[in-house]
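work13.cif follows (mmCIF, C-alpha atoms):
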```cif
data_structure
#
loop_
_atom_site.group_PDB
_atom_site.id
_atom_site.type_symbol
_atom_site.label_atom_id
_atom_site.label_comp_id
_atom_site.auth_asym_id
_atom_site.auth_seq_id
_atom_site.Cartn_x
_atom_site.Cartn_y
_atom_site.Cartn_z
ATOM 1 C CA MET A 180 1.271 -100.649 113.375
ATOM 2 C CA ARG A 181 -1.915 -102.734 113.240
ATOM 3 C CA PRO A 182 -5.234 -101.731 111.652
ATOM 4 C CA THR A 183 -7.485 -99.780 114.023
ATOM 5 C CA GLU A 184 -10.746 -101.140 112.677
ATOM 6 C CA ALA A 185 -11.681 -103.894 110.253
ATOM 7 C CA VAL A 186 -14.101 -103.468 107.371
ATOM 8 C CA LEU A 187 -15.579 -106.825 106.419
ATOM 9 C CA VAL A 188 -17.535 -108.087 103.427
ATOM 10 C CA GLY A 189 -19.049 -111.527 103.783
ATOM 11 C CA GLY A 190 -16.754 -112.312 106.726
ATOM 12 C CA ARG A 191 -13.528 -111.366 104.927
ATOM 13 C CA ALA A 192 -11.522 -108.174 104.843
ATOM 14 C CA VAL A 193 -12.733 -105.725 102.222
ATOM 15 C CA GLN A 194 -10.430 -105.544 99.183
ATOM 16 C CA VAL A 195 -9.811 -102.176 97.570
ATOM 17 C CA ALA A 196 -7.873 -101.761 94.329
ATOM 18 C CA VAL A 197 -5.682 -98.664 94.146
ATOM 19 C CA CYS A 198 -5.022 -97.860 90.498
ATOM 20 C CA GLY A 199 -2.935 -95.185 88.841
ATOM 21 C CA PRO A 200 0.024 -94.494 86.577
ATOM 22 C CA SER A 201 3.351 -96.296 86.938
ATOM 23 C CA SER A 202 5.081 -92.932 86.652
ATOM 24 C CA CYS A 203 3.628 -89.967 88.510
ATOM 25 C CA ALA A 204 4.349 -86.606 90.121
ATOM 26 C CA ASP A 205 5.395 -86.436 93.775
ATOM 27 C CA GLY A 206 2.012 -85.073 94.875
ATOM 28 C CA VAL A 207 0.146 -87.938 93.222
ATOM 29 C CA ALA A 208 2.510 -90.442 94.854
ATOM 30 C CA ALA A 209 1.961 -88.788 98.243
ATOM 31 C CA ASP A 210 -1.812 -89.076 97.816
ATOM 32 C CA ALA A 211 -1.482 -92.743 96.804
ATOM 33 C CA ARG A 212 0.734 -93.483 99.808
ATOM 34 C CA ARG A 213 -1.812 -91.858 102.113
ATOM 35 C CA VAL A 214 -4.654 -93.838 100.494
ATOM 36 C CA GLY A 215 -2.734 -97.085 101.092
ATOM 37 C CA GLU A 216 -2.025 -96.119 104.687
ATOM 38 C CA LEU A 217 -5.643 -95.203 105.414
ATOM 39 C CA LEU A 218 -6.974 -98.389 103.823
ATOM 40 C CA ALA A 219 -4.614 -100.525 105.898
ATOM 41 C CA ARG A 220 -5.585 -98.704 109.095
ATOM 42 C CA ARG A 221 -9.206 -99.531 108.315
ATOM 43 C CA GLY A 222 -8.352 -103.219 107.832
ATOM 44 C CA ALA A 223 -8.739 -103.316 104.048
ATOM 45 C CA VAL A 224 -6.530 -105.432 101.794
ATOM 46 C CA VAL A 225 -4.969 -103.293 99.055
ATOM 47 C CA ILE A 226 -4.825 -104.709 95.537
ATOM 48 C CA CYS A 227 -2.719 -103.003 92.875
ATOM 49 C CA GLY A 228 -0.854 -103.654 89.649
ATOM 50 C CA GLY A 229 2.329 -104.256 91.631
ATOM 51 C CA GLY A 230 4.581 -101.834 89.743
ATOM 52 C CA GLY A 231 5.972 -98.344 90.292
ATOM 53 C CA GLY A 232 4.393 -94.932 90.695
ATOM 54 C CA VAL A 233 0.935 -94.953 92.300
ATOM 55 C CA MET A 234 1.095 -98.717 92.810
ATOM 56 C CA ALA A 235 4.397 -98.617 94.705
ATOM 57 C CA ALA A 236 3.301 -95.607 96.754
ATOM 58 C CA ALA A 237 0.014 -97.221 97.799
ATOM 59 C CA ALA A 238 1.851 -100.438 98.656
ATOM 60 C CA ALA A 239 4.418 -98.562 100.754
ATOM 61 C CA GLY A 240 1.698 -96.698 102.647
ATOM 62 C CA ALA A 241 -0.306 -99.825 103.358
ATOM 63 C CA ARG A 242 2.707 -101.824 104.496
ATOM 64 C CA ALA A 243 3.931 -98.992 106.718
ATOM 65 C CA ALA A 244 0.531 -99.124 108.445
ATOM 66 C CA GLY A 245 0.739 -102.897 108.917
ATOM 67 C CA GLY A 246 -1.553 -103.779 106.019
ATOM 68 C CA THR A 247 -1.623 -106.435 103.330
ATOM 69 C CA VAL A 248 -0.923 -105.570 99.682
ATOM 70 C CA ILE A 249 -1.486 -107.923 96.750
ATOM 71 C CA GLY A 250 0.211 -106.995 93.472
ATOM 72 C CA VAL A 251 -1.254 -108.421 90.261
ATOM 73 C CA LEU A 252 1.703 -108.248 87.897
ATOM 74 C CA PRO A 253 1.493 -108.105 84.099
ATOM 75 C CA GLY A 254 4.618 -110.135 83.311
ATOM 76 C CA ARG A 255 5.812 -113.710 83.688
ATOM 77 C CA SER A 256 7.995 -112.937 86.708
ATOM 78 C CA ALA A 257 8.095 -110.674 89.740
ATOM 79 C CA GLU A 258 10.839 -108.572 88.153
ATOM 80 C CA GLY A 259 10.118 -104.890 88.693
ATOM 81 C CA ALA A 260 7.575 -105.541 91.442
ATOM 82 C CA ALA A 261 7.069 -102.844 94.061
ATOM 83 C CA PRO A 262 9.029 -103.599 97.235
ATOM 84 C CA GLY A 263 5.996 -103.033 99.495
ATOM 85 C CA LEU A 264 3.971 -105.987 98.222
ATOM 86 C CA SER A 265 2.890 -108.689 100.671
ATOM 87 C CA ALA A 266 2.300 -111.098 97.795
ATOM 88 C CA ALA A 267 2.534 -111.032 94.012
ATOM 89 C CA VAL A 268 0.260 -112.714 91.497
ATOM 90 C CA ILE A 269 2.220 -113.401 88.311
ATOM 91 C CA THR A 270 -0.181 -113.364 85.349
ATOM 92 C CA GLY A 271 1.803 -113.148 82.107
ATOM 93 C CA MET A 272 -1.267 -111.285 80.806
ATOM 94 C CA GLY A 273 0.088 -107.791 80.205
ATOM 95 C CA GLU A 274 -2.530 -105.083 80.573
ATOM 96 C CA ALA A 275 -5.303 -107.700 80.480
ATOM 97 C CA ARG A 276 -4.446 -108.269 84.138
ATOM 98 C CA ASN A 277 -6.363 -105.047 84.831
ATOM 99 C CA ALA A 278 -9.577 -107.094 84.688
ATOM 100 C CA ILE A 279 -8.284 -109.337 87.478
ATOM 101 C CA ILE A 280 -7.357 -106.337 89.614
ATOM 102 C CA VAL A 281 -10.756 -104.660 89.450
ATOM 103 C CA GLN A 282 -12.874 -107.805 89.594
ATOM 104 C CA SER A 283 -11.007 -108.894 92.730
ATOM 105 C CA ALA A 284 -11.900 -105.597 94.402
ATOM 106 C CA ASP A 285 -14.942 -104.539 96.370
ATOM 107 C CA ALA A 286 -14.158 -100.938 95.336
ATOM 108 C CA VAL A 287 -11.575 -99.131 93.206
ATOM 109 C CA ILE A 288 -9.759 -95.908 94.042
ATOM 110 C CA THR A 289 -7.915 -94.266 91.174
ATOM 111 C CA VAL A 290 -5.197 -91.752 91.967
ATOM 112 C CA GLY A 291 -4.138 -89.735 88.951
ATOM 113 C CA GLY A 292 -4.585 -91.292 85.573
ATOM 114 C CA SER A 293 -3.028 -93.036 82.610
ATOM 115 C CA TRP A 294 -4.398 -95.176 79.784
ATOM 116 C CA GLY A 295 -4.122 -98.269 81.979
ATOM 117 C CA THR A 296 -6.013 -96.483 84.735
ATOM 118 C CA LEU A 297 -8.759 -95.543 82.287
ATOM 119 C CA SER A 298 -9.116 -99.196 81.298
ATOM 120 C CA GLU A 299 -9.441 -100.127 84.984
ATOM 121 C CA VAL A 300 -12.176 -97.497 85.437
ATOM 122 C CA ALA A 301 -14.088 -98.872 82.438
ATOM 123 C CA LEU A 302 -13.712 -102.499 83.531
ATOM 124 C CA ALA A 303 -14.808 -101.692 87.078
ATOM 125 C CA MET A 304 -17.835 -99.696 85.938
ATOM 126 C CA ARG A 305 -18.875 -102.452 83.530
ATOM 127 C CA GLY A 306 -18.402 -105.054 86.272
ATOM 128 C CA GLY A 307 -20.421 -103.173 88.874
ATOM 129 C CA VAL A 308 -17.429 -102.338 91.079
ATOM 130 C CA PRO A 309 -17.705 -98.863 92.683
ATOM 131 C CA VAL A 310 -15.069 -96.364 91.518
ATOM 132 C CA VAL A 311 -13.729 -93.362 93.424
ATOM 133 C CA SER A 312 -11.448 -90.955 91.550
ATOM 134 C CA LEU A 313 -8.856 -88.829 93.343
ATOM 135 C CA ALA A 314 -7.412 -86.274 90.895
ATOM 136 C CA GLY A 315 -8.030 -88.741 88.084
ATOM 137 C CA TRP A 316 -10.084 -89.286 84.975
ATOM 138 C CA ARG A 317 -13.295 -87.383 84.469
ATOM 139 C CA VAL A 318 -15.436 -89.263 81.967
ATOM 140 C CA THR A 319 -18.079 -87.269 80.101
ATOM 141 C CA ASP A 320 -20.774 -88.112 77.583
ATOM 142 C CA THR A 321 -21.031 -86.599 74.112
ATOM 143 C CA ASP A 322 -22.726 -83.493 75.560
ATOM 144 C CA GLY A 323 -19.892 -82.959 78.061
ATOM 145 C CA ALA A 324 -21.940 -84.050 81.086
ATOM 146 C CA PRO A 325 -20.205 -86.317 83.628
ATOM 147 C CA VAL A 326 -20.995 -90.002 83.146
ATOM 148 C CA PRO A 327 -22.793 -91.112 86.319
ATOM 149 C CA GLY A 328 -21.213 -93.620 88.654
ATOM 150 C CA ILE A 329 -17.684 -92.376 89.281
ATOM 151 C CA LEU A 330 -17.423 -90.563 92.598
ATOM 152 C CA ASP A 331 -14.908 -87.711 92.680
ATOM 153 C CA ALA A 332 -12.908 -87.229 95.885
ATOM 154 C CA THR A 333 -10.716 -84.267 96.761
ATOM 155 C CA THR A 334 -8.563 -85.831 99.509
ATOM 156 C CA PRO A 335 -7.201 -89.305 100.301
ATOM 157 C CA GLU A 336 -9.416 -89.379 103.402
ATOM 158 C CA GLU A 337 -12.520 -88.631 101.356
ATOM 159 C CA ALA A 338 -11.559 -91.255 98.757
ATOM 160 C CA VAL A 339 -11.081 -93.978 101.366
ATOM 161 C CA ASP A 340 -14.279 -93.076 103.234
ATOM 162 C CA ALA A 341 -16.241 -93.179 99.973
ATOM 163 C CA ALA A 342 -14.728 -96.486 98.834
ATOM 164 C CA LEU A 343 -15.364 -98.191 102.151
ATOM 165 C CA SER A 344 -18.919 -96.906 102.425
ATOM 166 C CA ARG A 345 -19.851 -98.194 98.977
#
```
Written form, structure tokens:
Amino acid sequence: MRPTEAVLVGGRAVQVAVCGPSSCADGVAADARRVGELLARRGAVVICGGGGGVMAAAAAGARAAGGTVIGVLPGRSAEGAAPGLSAAVITGMGEARNAIIVQSADAVITVGGSWGTLSEVALAMRGGVPVVSLAGWRVTDTDGAPVPGILDATTPEEAVDAALSR
């Protein structure tokens, strides 16, 4: 299956990072797979951490829809990489590779949440990369008010539409 429409930024395909926990519930994985599929159908390149859980699900969805998936791996080899990756970037940087993931993206969609996902949200927000959260972290200030900037989505379709419109 080929993408139905291409979203371009500066003449290249838009790149969207899909971030989330390496271990997740079936419903979270299903949402991540759908996000990957929808992004690929819209012509976006999916970037992820290249591992299991949300990353593997998003990669599988994107590849099933004929898309491209780049995994930015934390280790010094491709061992443990998700099978749906089109290409793997081996960093040897551990969790510090999260900065590469989000700074390579035109937008970030988080699905679910873990400590690594929270670091990706913070790095993206600090770097000016739009963040859409699907059933993920809700960041509040000291008064309990939501910190502005993170867009909450309720469905994979809404998350992808929001990421690609930003």
Using the chain letters and numbers from this file, what does the PyMOL selection byres ((chain A and resi 201-213) around 10) select? Give the answer as a ChimeraX atom specification.
/A:197-200,214-219,228-244,288-293,295-296,313-315,334-336,339
Just give me the gap between CA of Ser283 (chain A) and CA of Val186 (chain A) in Å, one decimal is fine.
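CA of Val186 (chain A) lies 15.9 Å from CA of Ser283 (chain A).
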Could you tell me which residues the PyMOL selection byres ((chain A and resi 192) around 12) grabs in this file, written as a count of residues only?
26
For region 225-244 of chain A, I'd like the enclosing box, axis-aligned and padded by 4 Å on every side, reported as AutoDock Vina command-line options with centre and edge lengths in Å to one decimal.
```
--center_x 0.5 --center_y -99.8 --center_z 99.0 --size_x 18.9 --size_y 17.8 --size_z 26.8
```
Ile269 (chain A) environment, 7 Å, only C-alpha atoms, sequence neighbours closer than 2 positions dropped, as a list in words
Val251, Leu252, Pro253, Gly254, Arg255, Ser256, Ala257, Ala267 and Gly271 of chain A
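Distances to Ala301 (chain A) were evaluated for A:Ala286, A:Ala278, A:Leu330, A:Ala338 using only C-alpha atoms, and the minimum falls at A:Ala278.
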Counting all atoms listed in the file, closest pick from A:Ala324, A:Ala261, A:Val318, A:Ala332 relative to Leu297 (chain A) is A:Val318
From the options A:Cys227, A:Ser312, A:Val287, A:Pro262, which residue's atoms come nearest to Thr333 (chain A), counting all atoms listed in the file?
A:Ser312
For CA of Gly245 (chain A) and CA of Leu264 (chain A), quote the distance in Å rounded to one decimal.
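Those two atoms sit 11.6 Å apart.
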Between CA of Ala196 (chain A) and CA of Ala342 (chain A), what is the spacing in Å?
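Computed distance, CA of Ala342 (chain A) to CA of Ala196 (chain A), equals 9.8 Å.
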